[in-house]
$ cat coords23.txt   # compact mmCIF, C-alpha atoms and all ligand atoms
# COMPACT_ATOMS: atom_id res chain seq x y z
CA MET L 21 24.19 -30.77 3.25
CA VAL L 22 23.63 -30.25 -0.49
CA ALA L 23 26.40 -28.23 -2.12
CA PRO L 24 25.14 -25.10 -3.93
CA LEU L 25 24.96 -25.40 -7.71
CA PRO L 26 27.87 -23.69 -9.44
CA ALA L 27 27.01 -20.53 -11.37
CA PRO L 28 26.57 -21.18 -15.10
CA PRO L 29 29.67 -20.34 -17.15
CA ARG L 30 29.66 -16.81 -18.57
CA PRO L 31 30.20 -16.62 -22.36
CA ALA L 32 33.07 -14.21 -22.97
CA ALA L 33 30.98 -11.70 -24.95
CA LEU L 34 28.20 -11.20 -22.38
CA PRO L 35 27.90 -7.83 -20.69
CA LEU L 36 28.99 -7.69 -17.06
CA THR L 37 26.69 -5.01 -15.73
CA MET L 38 23.64 -3.06 -16.79
CA LEU L 39 21.82 0.13 -16.00
CA ALA L 40 18.49 -0.58 -14.30
CA ILE L 41 15.83 1.41 -12.49
CA ARG L 42 14.90 0.13 -9.05
CA TYR L 43 12.92 1.01 -5.95
CA ALA L 44 13.67 -0.30 -2.48
CA ASP L 45 10.50 1.06 -0.83
CA HIS L 46 7.04 1.99 -2.05
CA GLY L 47 6.34 5.66 -2.61
CA GLY L 48 6.07 8.40 -5.23
CA PRO L 49 7.95 8.46 -8.56
CA GLU L 50 11.06 9.73 -6.72
CA VAL L 51 11.67 6.24 -5.26
CA LEU L 52 12.70 5.12 -8.77
CA GLN L 53 16.50 5.26 -8.79
CA PRO L 54 19.02 4.36 -11.51
CA THR L 55 21.50 1.72 -10.43
CA HIS L 56 24.05 -0.68 -11.91
CA LEU L 57 23.31 -4.39 -11.52
CA PRO L 58 25.23 -7.48 -12.61
CA VAL L 59 24.01 -9.22 -15.75
CA MET L 60 23.50 -12.86 -14.79
CA PRO L 61 24.33 -15.50 -17.42
CA PRO L 62 21.37 -17.72 -18.36
CA GLY L 63 20.74 -20.95 -16.47
CA PRO L 64 19.75 -24.07 -18.47
CA ASN L 65 16.13 -22.92 -19.01
CA ASP L 66 16.77 -19.18 -19.24
CA VAL L 67 16.90 -16.72 -22.09
CA LEU L 68 18.94 -13.54 -21.59
CA VAL L 69 17.33 -10.64 -23.46
CA ALA L 70 19.01 -7.29 -24.12
CA LEU L 71 16.15 -4.81 -23.84
CA LYS L 72 15.53 -2.08 -26.37
CA ALA L 73 12.32 -0.54 -25.04
CA ALA L 74 9.96 -0.88 -22.06
CA GLY L 75 6.32 0.09 -21.70
CA VAL L 76 5.22 2.37 -18.85
CA SER L 77 1.87 1.05 -17.63
CA PRO L 78 -0.58 2.03 -14.88
CA LEU L 79 0.28 -1.30 -13.21
CA ASP L 80 3.94 -0.25 -12.89
CA CYS L 81 2.82 2.92 -11.08
CA LYS L 82 0.29 1.16 -8.84
CA LEU L 83 2.86 -1.48 -7.82
CA ARG L 84 5.48 1.21 -7.11
CA ALA L 85 3.00 3.16 -4.98
CA GLY L 86 2.10 0.01 -3.02
CA LEU L 87 -1.56 0.24 -4.07
CA LEU L 88 -1.99 -3.41 -5.06
CA ALA L 89 -0.97 -5.11 -1.83
CA GLU L 90 -4.13 -7.28 -1.93
CA HIS L 91 -3.17 -8.70 -5.32
CA PHE L 92 0.64 -8.61 -5.53
CA THR L 93 3.53 -8.57 -3.11
CA PRO L 94 6.45 -7.34 -5.23
CA GLU L 95 9.93 -8.52 -4.29
CA LEU L 96 11.93 -5.49 -3.09
CA PRO L 97 14.15 -3.99 -4.32
CA LYS L 98 12.19 -4.15 -7.53
CA THR L 99 12.90 -3.15 -11.10
CA PRO L 100 9.56 -2.08 -12.57
CA GLY L 101 8.33 -2.94 -16.03
CA ARG L 102 5.71 -5.46 -17.02
CA ASP L 103 6.57 -5.52 -20.69
CA GLY L 104 9.29 -4.68 -23.18
CA VAL L 105 11.00 -5.59 -26.42
CA GLY L 106 14.57 -6.68 -27.08
CA VAL L 107 16.88 -9.17 -28.70
CA VAL L 108 18.08 -12.52 -27.37
CA LEU L 109 21.70 -12.31 -26.20
CA ALA L 110 22.21 -15.87 -24.92
CA THR L 111 20.20 -19.00 -24.17
CA GLY L 112 20.54 -21.89 -21.71
CA ALA L 113 21.26 -25.42 -22.87
CA HIS L 114 17.61 -26.57 -22.58
CA VAL L 115 16.11 -23.65 -24.50
CA LEU L 116 14.74 -24.81 -27.86
CA GLY L 117 12.47 -22.03 -29.08
CA PHE L 118 14.85 -19.04 -29.21
CA THR L 119 18.38 -18.35 -30.39
CA PRO L 120 20.70 -15.34 -30.01
CA GLY L 121 19.70 -12.50 -32.29
CA ASP L 122 15.94 -13.25 -32.18
CA ARG L 123 13.74 -10.19 -31.71
CA VAL L 124 11.33 -10.81 -28.86
CA GLY L 125 8.58 -9.26 -26.79
CA VAL L 126 8.94 -9.79 -23.03
CA MET L 127 6.17 -10.35 -20.48
CA ALA L 128 7.77 -9.94 -17.05
CA PRO L 129 5.86 -11.27 -14.01
CA ALA L 130 4.32 -8.31 -12.16
CA ALA L 131 5.66 -9.14 -8.71
CA ALA L 132 9.14 -10.43 -9.62
CA ALA L 133 12.19 -8.38 -8.67
CA ALA L 134 13.34 -8.24 -12.30
CA GLY L 135 11.36 -6.02 -14.67
CA THR L 136 11.92 -4.42 -18.05
CA TYR L 137 13.21 -0.97 -16.96
CA ALA L 138 16.73 -2.36 -17.41
CA GLY L 139 19.43 -3.11 -19.95
CA ALA L 140 18.65 -6.82 -19.87
CA ILE L 141 16.36 -9.42 -18.29
CA LEU L 142 16.50 -13.17 -17.73
CA CYS L 143 13.29 -14.87 -18.90
CA SER L 144 11.78 -18.29 -19.33
CA GLU L 145 10.67 -19.21 -22.85
CA GLY L 146 7.02 -18.84 -21.81
CA GLN L 147 7.57 -15.15 -21.07
CA LEU L 148 8.70 -14.43 -24.61
CA VAL L 149 7.01 -13.97 -27.95
CA ALA L 150 8.83 -13.83 -31.29
CA LEU L 151 8.28 -10.53 -33.11
CA PRO L 152 7.56 -10.28 -36.83
CA ASP L 153 9.93 -8.29 -39.03
CA GLY L 154 8.79 -4.81 -39.83
CA VAL L 155 7.38 -3.91 -36.42
CA GLY L 156 9.77 -1.54 -34.66
CA ALA L 157 10.81 -2.06 -31.05
CA VAL L 158 9.05 1.00 -29.69
CA GLU L 159 5.87 0.25 -31.64
CA ALA L 160 5.87 -3.41 -30.62
CA THR L 161 6.33 -2.43 -26.97
CA THR L 162 2.96 -0.64 -27.04
CA LEU L 163 1.33 -3.97 -27.91
CA ILE L 164 2.78 -6.48 -25.48
CA ASN L 165 0.69 -6.05 -22.31
CA ALA L 166 -1.80 -3.64 -23.89
CA GLY L 167 -2.29 -5.87 -26.93
CA LEU L 168 -2.56 -8.95 -24.76
CA SER L 169 -5.13 -7.24 -22.52
CA ALA L 170 -7.20 -5.98 -25.43
CA TRP L 171 -7.13 -9.38 -27.10
CA ILE L 172 -8.26 -11.22 -23.98
CA ALA L 173 -10.95 -8.60 -23.31
CA ALA L 174 -12.25 -9.00 -26.88
CA ARG L 175 -12.19 -12.80 -26.54
CA THR L 176 -14.06 -12.57 -23.23
CA ALA L 177 -16.76 -10.43 -24.84
CA GLY L 178 -17.21 -12.88 -27.71
CA MET L 179 -18.06 -10.03 -30.09
CA ARG L 180 -20.02 -10.66 -33.29
CA PRO L 181 -20.12 -8.53 -36.46
CA GLY L 182 -22.69 -5.75 -36.31
CA GLN L 183 -22.82 -5.55 -32.53
CA ARG L 184 -22.82 -2.14 -30.87
CA VAL L 185 -19.77 -1.87 -28.70
CA LEU L 186 -18.72 0.88 -26.27
CA VAL L 187 -15.02 1.09 -25.41
CA HIS L 188 -14.30 3.29 -22.41
CA ALA L 189 -10.87 4.98 -22.38
CA GLY L 190 -10.53 4.50 -26.14
CA ALA L 191 -7.46 6.78 -26.24
CA GLY L 192 -5.49 4.76 -23.66
CA ALA L 193 -2.95 2.03 -24.36
CA VAL L 194 -5.45 -0.84 -24.05
CA GLY L 195 -8.46 1.08 -25.33
CA SER L 196 -6.72 2.22 -28.52
CA VAL L 197 -6.02 -1.42 -29.42
CA LEU L 198 -9.51 -2.51 -28.39
CA VAL L 199 -11.17 0.09 -30.62
CA GLN L 200 -9.15 -1.20 -33.58
CA LEU L 201 -9.78 -4.86 -32.71
CA ALA L 202 -13.53 -4.35 -32.30
CA LYS L 203 -13.66 -2.53 -35.63
CA HIS L 204 -11.66 -5.35 -37.24
CA LEU L 205 -14.17 -7.86 -35.83
CA GLY L 206 -17.02 -5.96 -37.49
CA ALA L 207 -18.44 -4.16 -34.45
CA ARG L 208 -20.00 -0.68 -34.55
CA VAL L 209 -17.72 1.05 -32.10
CA THR L 210 -18.28 4.03 -29.81
CA ALA L 211 -15.37 5.17 -27.63
CA THR L 212 -15.10 7.52 -24.67
CA CYS L 213 -12.11 9.86 -24.38
CA ARG L 214 -11.27 13.45 -23.44
CA ALA L 215 -12.79 16.06 -25.81
CA ALA L 216 -9.43 16.72 -27.47
CA ASN L 217 -9.20 13.04 -28.49
CA ARG L 218 -12.52 12.71 -30.30
CA ASP L 219 -10.97 12.87 -33.79
CA TYR L 220 -8.16 10.60 -32.63
CA VAL L 221 -10.48 7.73 -31.57
CA ARG L 222 -12.56 8.17 -34.72
CA GLY L 223 -9.30 7.79 -36.64
CA LEU L 224 -8.79 4.43 -34.91
CA GLY L 225 -12.12 3.20 -36.22
CA ALA L 226 -14.77 4.39 -33.76
CA GLU L 227 -18.00 5.49 -35.49
CA ARG L 228 -18.72 7.78 -32.59
CA ALA L 229 -16.67 9.44 -29.86
CA ILE L 230 -18.10 10.62 -26.53
CA ALA L 231 -16.05 13.14 -24.56
CA TYR L 232 -16.10 12.14 -20.90
CA ASP L 233 -15.27 15.73 -19.93
CA ALA L 234 -18.08 17.28 -21.98
CA GLU L 235 -20.83 14.70 -22.59
CA ASP L 236 -22.80 11.99 -20.83
CA PHE L 237 -22.27 8.56 -22.35
CA THR L 238 -25.49 7.26 -20.75
CA ASP L 239 -27.39 9.10 -23.52
CA LEU L 240 -26.14 6.46 -25.98
CA PRO L 241 -28.57 3.95 -27.54
CA PRO L 242 -28.43 0.44 -26.00
CA GLN L 243 -25.06 -1.29 -26.44
CA ASP L 244 -24.42 -5.03 -26.82
CA VAL L 245 -20.96 -4.90 -25.24
CA VAL L 246 -19.30 -2.34 -22.95
CA PHE L 247 -15.59 -2.54 -22.15
CA ASP L 248 -14.88 -0.86 -18.83
CA LEU L 249 -11.25 0.25 -18.56
CA VAL L 250 -11.95 2.97 -16.00
CA GLY L 251 -14.00 1.57 -13.11
CA GLY L 252 -15.75 3.56 -10.38
CA SER L 253 -18.72 5.64 -11.52
CA VAL L 254 -17.97 4.78 -15.17
CA HIS L 255 -18.55 1.13 -14.30
CA GLU L 256 -21.71 1.97 -12.32
CA ARG L 257 -23.23 4.08 -15.10
CA SER L 258 -22.32 1.57 -17.81
CA TYR L 259 -25.23 -0.67 -16.76
CA GLN L 260 -27.61 2.05 -17.99
CA VAL L 261 -26.41 1.77 -21.61
CA LEU L 262 -26.40 -2.03 -21.88
CA ALA L 263 -29.11 -3.67 -23.98
CA PRO L 264 -31.00 -6.50 -22.22
CA GLY L 265 -28.68 -9.54 -22.36
CA GLY L 266 -25.70 -7.25 -23.05
CA HIS L 267 -22.21 -7.93 -21.75
CA LEU L 268 -20.11 -5.69 -19.51
CA VAL L 269 -16.43 -6.71 -19.61
CA TRP L 270 -14.10 -5.00 -17.15
CA LEU L 271 -10.38 -5.06 -16.46
CA THR L 272 -9.59 -2.60 -13.74
CA ALA L 273 -8.32 -3.31 -10.25
CA ALA L 274 -11.07 -1.24 -8.62
CA PRO L 275 -13.70 -3.09 -6.53
CA ILE L 276 -16.72 -3.71 -8.74
CA ILE L 277 -20.31 -4.22 -7.58
CA ASP L 278 -21.85 -6.83 -9.87
CA ARG L 279 -25.38 -5.65 -10.81
CA SER L 280 -25.90 -8.21 -13.60
CA ALA L 281 -29.06 -9.73 -12.08
CA GLN L 282 -30.64 -6.32 -11.46
CA PHE L 283 -30.10 -5.19 -15.09
CA GLY L 284 -30.49 -8.56 -16.86
CA VAL L 285 -26.98 -8.41 -18.36
CA ARG L 286 -23.74 -10.38 -18.12
CA VAL L 287 -20.72 -9.05 -16.26
CA SER L 288 -17.26 -10.59 -16.78
CA ARG L 289 -13.81 -9.74 -15.62
CA ALA L 290 -11.39 -10.17 -18.52
CA PRO L 291 -9.02 -12.85 -17.18
CA ILE L 292 -5.74 -11.21 -18.17
CA SER L 293 -2.80 -13.58 -17.97
CA ASP L 294 0.40 -13.76 -19.98
CA ASP L 295 -0.31 -15.48 -23.28
CA PRO L 296 2.33 -15.43 -26.03
CA ASP L 297 -0.24 -16.69 -28.57
CA ALA L 298 -2.48 -13.69 -27.92
CA VAL L 299 0.44 -11.27 -28.38
CA ALA L 300 1.49 -13.12 -31.54
CA GLU L 301 -2.05 -12.79 -32.91
CA VAL L 302 -2.04 -9.04 -32.23
CA MET L 303 1.35 -8.75 -33.98
CA ARG L 304 -0.06 -10.67 -36.95
CA LEU L 305 -2.85 -8.09 -37.22
CA VAL L 306 -0.21 -5.35 -37.09
CA SER L 307 1.65 -7.02 -39.95
CA LEU L 308 -1.64 -7.09 -41.92
CA GLY L 309 -2.19 -3.40 -41.23
CA ARG L 310 -5.36 -4.03 -39.20
CA ILE L 311 -3.88 -2.65 -35.96
CA ARG L 312 -1.63 0.40 -35.81
CA PRO L 313 0.60 0.62 -32.70
CA GLN L 314 -0.04 3.80 -30.70
CA VAL L 315 3.06 5.43 -29.19
CA ALA L 316 2.02 8.15 -26.72
CA GLY L 317 5.61 9.34 -26.26
CA ARG L 318 9.19 8.28 -25.57
CA LEU L 319 11.60 9.01 -22.74
CA PRO L 320 15.07 7.61 -22.02
CA LEU L 321 15.30 4.83 -19.43
CA ALA L 322 17.03 7.17 -16.98
CA GLN L 323 13.87 9.32 -16.91
CA ALA L 324 11.63 6.55 -15.61
CA ALA L 325 10.59 8.67 -12.60
CA GLU L 326 9.45 11.45 -14.92
CA ALA L 327 7.55 8.87 -16.98
CA HIS L 328 5.65 7.73 -13.87
CA ARG L 329 4.93 11.31 -12.86
CA CYS L 330 3.50 12.05 -16.33
CA LEU L 331 1.33 8.94 -16.31
CA GLU L 332 -0.04 9.62 -12.84
CA ALA L 333 -0.74 13.26 -13.74
CA GLY L 334 -2.90 12.17 -16.71
CA GLU L 335 -0.42 13.70 -19.17
CA VAL L 336 0.00 10.48 -21.16
CA THR L 337 -2.61 9.99 -23.85
CA ARG L 338 -3.06 8.31 -27.24
CA GLY L 339 -1.38 4.99 -26.56
CA ARG L 340 1.55 3.79 -24.46
CA LEU L 341 4.48 5.82 -23.15
CA VAL L 342 7.72 3.96 -23.92
CA LEU L 343 11.16 4.08 -22.32
CA ASP L 344 14.03 3.98 -24.83
CA ILE L 345 16.79 1.66 -23.61
CA GLU L 346 20.08 2.43 -25.34
CA GLY L 347 23.62 1.99 -24.09
CA ALA L 348 22.48 0.29 -20.89
CA LEU L 349 24.89 -2.68 -21.06
CA ASP L 350 28.53 -2.69 -19.98
CA VAL L 351 30.84 -5.14 -21.77
CA PRO L 352 34.15 -6.40 -20.34
CA GLY L 353 36.92 -3.95 -21.18
CA GLY L 354 34.51 -1.47 -22.73
CA SER L 355 32.02 1.16 -21.76
CA LEU L 356 28.23 1.08 -21.90
CA HIS L 357 27.36 0.19 -25.48
CA SER L 358 24.51 -0.85 -27.74
CA PRO L 359 24.14 -4.64 -27.65
CA LEU L 360 24.30 -6.76 -30.79
CA GLY L 361 24.58 -3.84 -33.17
CA TRP L 362 21.27 -2.14 -32.35
CA ALA L 363 22.38 0.82 -34.39
CA ARG L 364 22.93 -1.44 -37.42
CA ASN L 365 19.48 -3.01 -37.23
CA SER L 366 17.20 -0.26 -38.43
CA SER L 367 14.12 -2.49 -38.20
CA MET L 368 14.42 -2.37 -34.42
CA THR L 369 14.31 1.41 -34.12
N1 LIG B 1 -6.42 -6.59 -15.20
C1 LIG B 1 -5.34 -6.41 -15.91
O1 LIG B 1 -4.50 -7.26 -15.96
C2 LIG B 1 -5.18 -5.11 -16.68
C3 LIG B 1 -4.39 -5.11 -17.83
C4 LIG B 1 -4.26 -3.92 -18.54
C5 LIG B 1 -4.88 -2.77 -18.08
N2 LIG B 1 -5.62 -2.81 -16.93
C6 LIG B 1 -6.26 -1.60 -16.41
O2 LIG B 1 -7.01 -1.00 -17.44
C7 LIG B 1 -6.97 0.41 -17.31
C8 LIG B 1 -6.49 1.04 -18.63
O3 LIG B 1 -5.14 0.65 -18.86
P1 LIG B 1 -4.25 1.41 -19.94
O4 LIG B 1 -2.92 0.77 -19.91
O5 LIG B 1 -5.00 1.52 -21.22
O6 LIG B 1 -4.18 2.87 -19.26
P2 LIG B 1 -3.74 4.23 -19.90
O7 LIG B 1 -2.97 4.01 -21.15
O8 LIG B 1 -3.14 5.03 -18.81
O9 LIG B 1 -5.12 4.91 -20.37
C9 LIG B 1 -5.98 5.49 -19.46
C10 LIG B 1 -7.01 6.26 -20.27
O10 LIG B 1 -8.14 6.48 -19.44
C11 LIG B 1 -8.87 7.50 -20.06
N3 LIG B 1 -9.81 8.03 -19.11
C12 LIG B 1 -9.57 8.64 -17.92
N4 LIG B 1 -10.74 8.95 -17.32
C13 LIG B 1 -11.72 8.51 -18.14
C14 LIG B 1 -13.15 8.55 -18.08
N5 LIG B 1 -13.81 9.08 -17.05
N6 LIG B 1 -13.84 8.00 -19.11
C15 LIG B 1 -13.21 7.46 -20.16
N7 LIG B 1 -11.87 7.41 -20.29
C16 LIG B 1 -11.14 7.93 -19.27
C17 LIG B 1 -7.83 8.50 -20.55
O11 LIG B 1 -8.33 9.01 -21.76
P3 LIG B 1 -7.82 10.40 -22.40
O12 LIG B 1 -6.38 10.15 -22.72
O13 LIG B 1 -8.66 10.59 -23.61
O14 LIG B 1 -8.01 11.44 -21.35
C18 LIG B 1 -6.56 7.63 -20.71
O15 LIG B 1 -6.13 7.60 -22.05
C19 LIG B 1 -6.05 0.70 -16.11
O16 LIG B 1 -6.84 0.87 -14.96
C20 LIG B 1 -5.24 -0.56 -16.00
O17 LIG B 1 -4.74 -0.76 -14.70
C21 LIG B 1 -5.79 -3.96 -16.24
$ encode --input "coords23.txt" --output "structure tokens"
Amino acid sequence: MVAPLPAPPRPAALPLTMLAIRYADHGGPEVLQPTHLPVMPPGPNDVLVALKAAGVSPLDCKLRAGLLAEHFTPELPKTPGRDGVGVVLATGAHVLGFTPGDRVGVMAPAAAAAGTYAGAILCSEGQLVALPDGVGAVEATTLINAGLSAWIAARTAGMRPGQRVLVHAGAGAVGSVLVQLAKHLGARVTATCRAANRDYVRGLGAERAIAYDAEDFTDLPPQDVVFDLVGGSVHERSYQVLAPGGHLVWLTAAPIIDRSAQFGVRVSRAPISDDPDAVAEVMRLVSLGRIRPQVAGRLPLAQAAEAHRCLEAGEVTRGRLVLDIEGALDVPGGSLHSPLGWARNSSMT
């Protein structure tokens, strides 16, 4: 019998426990419960990240509710959170790309037990992206999964300057980045949103805003590219506004009926997968002022259930809702404290 590997030694300064949000069974937001978990020291290939902020995404809610059983089987109990931002606390001996103190964005695997609604997370190097100075933690959090998704959607569409582009859900976390990206790439952008958000999406760079609760987007002139971030009847009706040879790019989990042959258009699913280079490119555009992060609101980590309720009730708009993670680590001989001098590092707030 092979003897179990000994646990890696714990550096003296590492926190012992952390606050985390977990669910043991699928259900409504009330299944999200605060708990204290041990902070595991990094193995040889691991990076231990103290989290500062976590994004609250529709995927987190769908996984919690058990709606994505065909695609993902989350390990239970599960800490939600697909993305977040933090600072490296410790690295394993084989880690070359990151050192303690680095500011990083985290892409946590959707189905893994460990997510970003926690004081810390153990990651592989491939799940991390270095963050540029000058982008705050909360702002950067809005651009990890949403920025990645928008970037891959834009790449899938292969947009060219001057093209007419319709972005559905232009006031959401992904859509708000996509509107800005499409504008940056020289497209003539129309976005759909609720009536109250028309000025908001125009402020992001859309030439025209169509209120889904007051207008019919199928009255638009023919579009070269349509980004479907909504699905259902929005997807169905989007065929009517595509120019011949146009491209419908979708990234929802809803079942889609491909009518490309009937309408003489292309239909592509944006193949979203974790890609540090894509996130880094989005962050570069933020540094250049071409993309402005969109923070829909902030709640403390302990109010994760309320955050899910708000998102599912359609109360979150104009970007990503972010959980603030402060004081969620417990050091030996001390109480819960801010790791690595968060309070001293104003660029992270
Ligand atoms: N495949 C993937 O890996 C992947 C990755 C990222 C996202 N997604 C999916 O993409 C979708 C958007 O994600 P997100 O993070 O941007 O969500 P989000 O931040 O919750 O945004 C949703 C937006 O949808 C808008 N909306 C609702 N009904 C609409 C309608 N009939 N027409 C136009 N807009 C409508 C709302 O606009 P108002 O605020 O103006 O009301 C809201 O802002 C979700 O379904 C998500 O699961 C998939």
$ atom_distance --input "coords23.txt" --atom1 "CA of Ala166 (chain L)" --atom2 "atom P1 of ligand LIG 1 (chain B)"
6.9 Å
$ residues_near_ligand --input "coords23.txt" --ligand "ligand LIG 1 (chain B)" --cutoff "7 Å" --atoms "only C-alpha atoms and all ligand atoms" --output "number ranges by chain"
L: 77-79, 165-166, 169, 188-195, 212-214, 217, 232, 249-250, 254, 271-273, 290, 292-293, 331, 334, 336-340
$ residues_around --input "coords23.txt" --residues "Val105 (chain L)" --least-positions-apart "4" --cutoff "7 Å" --atoms "all atoms listed in the file" --output "tab-separated table (two decimals) with C-alpha atoms, in the coordinates of the input"
chain	number	residue	atom	x	y	z
L	71	LEU	CA	16.15	-4.81	-23.84
L	72	LYS	CA	15.53	-2.08	-26.37
L	73	ALA	CA	12.32	-0.54	-25.04
L	74	ALA	CA	9.96	-0.88	-22.06
L	124	VAL	CA	11.33	-10.81	-28.86
L	125	GLY	CA	8.58	-9.26	-26.79
L	126	VAL	CA	8.94	-9.79	-23.03
L	157	ALA	CA	10.81	-2.06	-31.05
L	160	ALA	CA	5.87	-3.41	-30.62
L	161	THR	CA	6.33	-2.43	-26.97
$ residues_around --input "coords23.txt" --residues "region 306-309 of chain L" --least-positions-apart "3" --cutoff "8 Å" --atoms "all atoms listed in the file" --output "PyMOL selection string"
chain L and resi 152+154-155+302-303+312-313
$ atom_distance --input "coords23.txt" --atom1 "CA of Val315 (chain L)" --atom2 "CA of Val158 (chain L)"
7.5 Å
$ atom_distance --input "coords23.txt" --atom1 "CA of Leu96 (chain L)" --atom2 "CA of Val299 (chain L)"
28.4 Å
$ closest_residue --input "coords23.txt" --among "L:Trp270, L:Tyr137, L:Phe237, L:Tyr259" --to "Gly284 (chain L)" --atoms "all atoms listed in the file"
L:Tyr259
$ closest_residue --input "coords23.txt" --among "L:Cys81, L:Ala150, L:Ala130, L:Val69" --to "Asp297 (chain L)" --atoms "all atoms listed in the file"
L:Ala150
$ residues_near_point --input "coords23.txt" --point "(-17.1, 1.1, -29.5)" --cutoff "9 Å" --atoms "all atoms listed in the file" --output "ChimeraX atom specification"
/L:184-188,190,198-199,202-203,207-212,225-229,243,245-247
$ write_last_selection --input "coords23.txt" --atoms "C-alpha atoms" --output "PDB file, keeping the file's coordinate frame"
ATOM      1  CA  ARG L 184     -22.820  -2.140 -30.870  1.00  0.00           C
ATOM      2  CA  VAL L 185     -19.770  -1.870 -28.700  1.00  0.00           C
ATOM      3  CA  LEU L 186     -18.720   0.880 -26.270  1.00  0.00           C
ATOM      4  CA  VAL L 187     -15.020   1.090 -25.410  1.00  0.00           C
ATOM      5  CA  HIS L 188     -14.300   3.290 -22.410  1.00  0.00           C
ATOM      6  CA  GLY L 190     -10.530   4.500 -26.140  1.00  0.00           C
ATOM      7  CA  LEU L 198      -9.510  -2.510 -28.390  1.00  0.00           C
ATOM      8  CA  VAL L 199     -11.170   0.090 -30.620  1.00  0.00           C
ATOM      9  CA  ALA L 202     -13.530  -4.350 -32.300  1.00  0.00           C
ATOM     10  CA  LYS L 203     -13.660  -2.530 -35.630  1.00  0.00           C
ATOM     11  CA  ALA L 207     -18.440  -4.160 -34.450  1.00  0.00           C
ATOM     12  CA  ARG L 208     -20.000  -0.680 -34.550  1.00  0.00           C
ATOM     13  CA  VAL L 209     -17.720   1.050 -32.100  1.00  0.00           C
ATOM     14  CA  THR L 210     -18.280   4.030 -29.810  1.00  0.00           C
ATOM     15  CA  ALA L 211     -15.370   5.170 -27.630  1.00  0.00           C
ATOM     16  CA  THR L 212     -15.100   7.520 -24.670  1.00  0.00           C
ATOM     17  CA  GLY L 225     -12.120   3.200 -36.220  1.00  0.00           C
ATOM     18  CA  ALA L 226     -14.770   4.390 -33.760  1.00  0.00           C
ATOM     19  CA  GLU L 227     -18.000   5.490 -35.490  1.00  0.00           C
ATOM     20  CA  ARG L 228     -18.720   7.780 -32.590  1.00  0.00           C
ATOM     21  CA  ALA L 229     -16.670   9.440 -29.860  1.00  0.00           C
ATOM     22  CA  GLN L 243     -25.060  -1.290 -26.440  1.00  0.00           C
ATOM     23  CA  VAL L 245     -20.960  -4.900 -25.240  1.00  0.00           C
ATOM     24  CA  VAL L 246     -19.300  -2.340 -22.950  1.00  0.00           C
ATOM     25  CA  PHE L 247     -15.590  -2.540 -22.150  1.00  0.00           C
TER      26      PHE L 247
END
$ axis_aligned_box --input "coords23.txt" --around "region 230-241 of chain L" --padding-each-side "8 Å" --output "JSON"
{"center_x": -21.9, "center_y": 10.6, "center_z": -23.7, "size_x": 29.3, "size_y": 29.3, "size_z": 23.6}
$ residues_around --input "coords23.txt" --residues "Ala40 (chain L)" --least-positions-apart "5" --cutoff "8 Å" --atoms "all atoms listed in the file" --output "short mmCIF file (atom, residue, chain, number, x, y, z; two decimals) with C-alpha atoms, keeping the file's coordinate frame"
data_model
loop_
_atom_site.label_atom_id
_atom_site.label_comp_id
_atom_site.auth_asym_id
_atom_site.auth_seq_id
_atom_site.Cartn_x
_atom_site.Cartn_y
_atom_site.Cartn_z
CA PRO L 54 19.02 4.36 -11.51
CA THR L 55 21.50 1.72 -10.43
CA HIS L 56 24.05 -0.68 -11.91
CA LEU L 57 23.31 -4.39 -11.52
CA THR L 99 12.90 -3.15 -11.10
CA TYR L 137 13.21 -0.97 -16.96
CA ALA L 138 16.73 -2.36 -17.41
CA GLY L 139 19.43 -3.11 -19.95
CA ALA L 348 22.48 0.29 -20.89
#
$ residues_near_point --input "coords23.txt" --point "(15.9, -17.9, -29.4)" --cutoff "12 Å" --atoms "only C-alpha atoms" --output "NGL selection string"
:L and (65-69 or 106-125 or 143-146 or 148-151)
$ residues_around --input "coords23.txt" --residues "Gly48 (chain L)" --least-positions-apart "6" --cutoff "9 Å" --atoms "all atoms listed in the file" --output "mmCIF file with C-alpha atoms, in the coordinates of the input"
data_model
loop_
_atom_site.group_PDB
_atom_site.id
_atom_site.type_symbol
_atom_site.label_atom_id
_atom_site.label_comp_id
_atom_site.auth_asym_id
_atom_site.auth_seq_id
_atom_site.Cartn_x
_atom_site.Cartn_y
_atom_site.Cartn_z
ATOM 1 C CA CYS L 81 2.820 2.920 -11.080
ATOM 2 C CA ARG L 84 5.480 1.210 -7.110
ATOM 3 C CA ALA L 85 3.000 3.160 -4.980
ATOM 4 C CA ALA L 325 10.590 8.670 -12.600
ATOM 5 C CA HIS L 328 5.650 7.730 -13.870
ATOM 6 C CA ARG L 329 4.930 11.310 -12.860
#
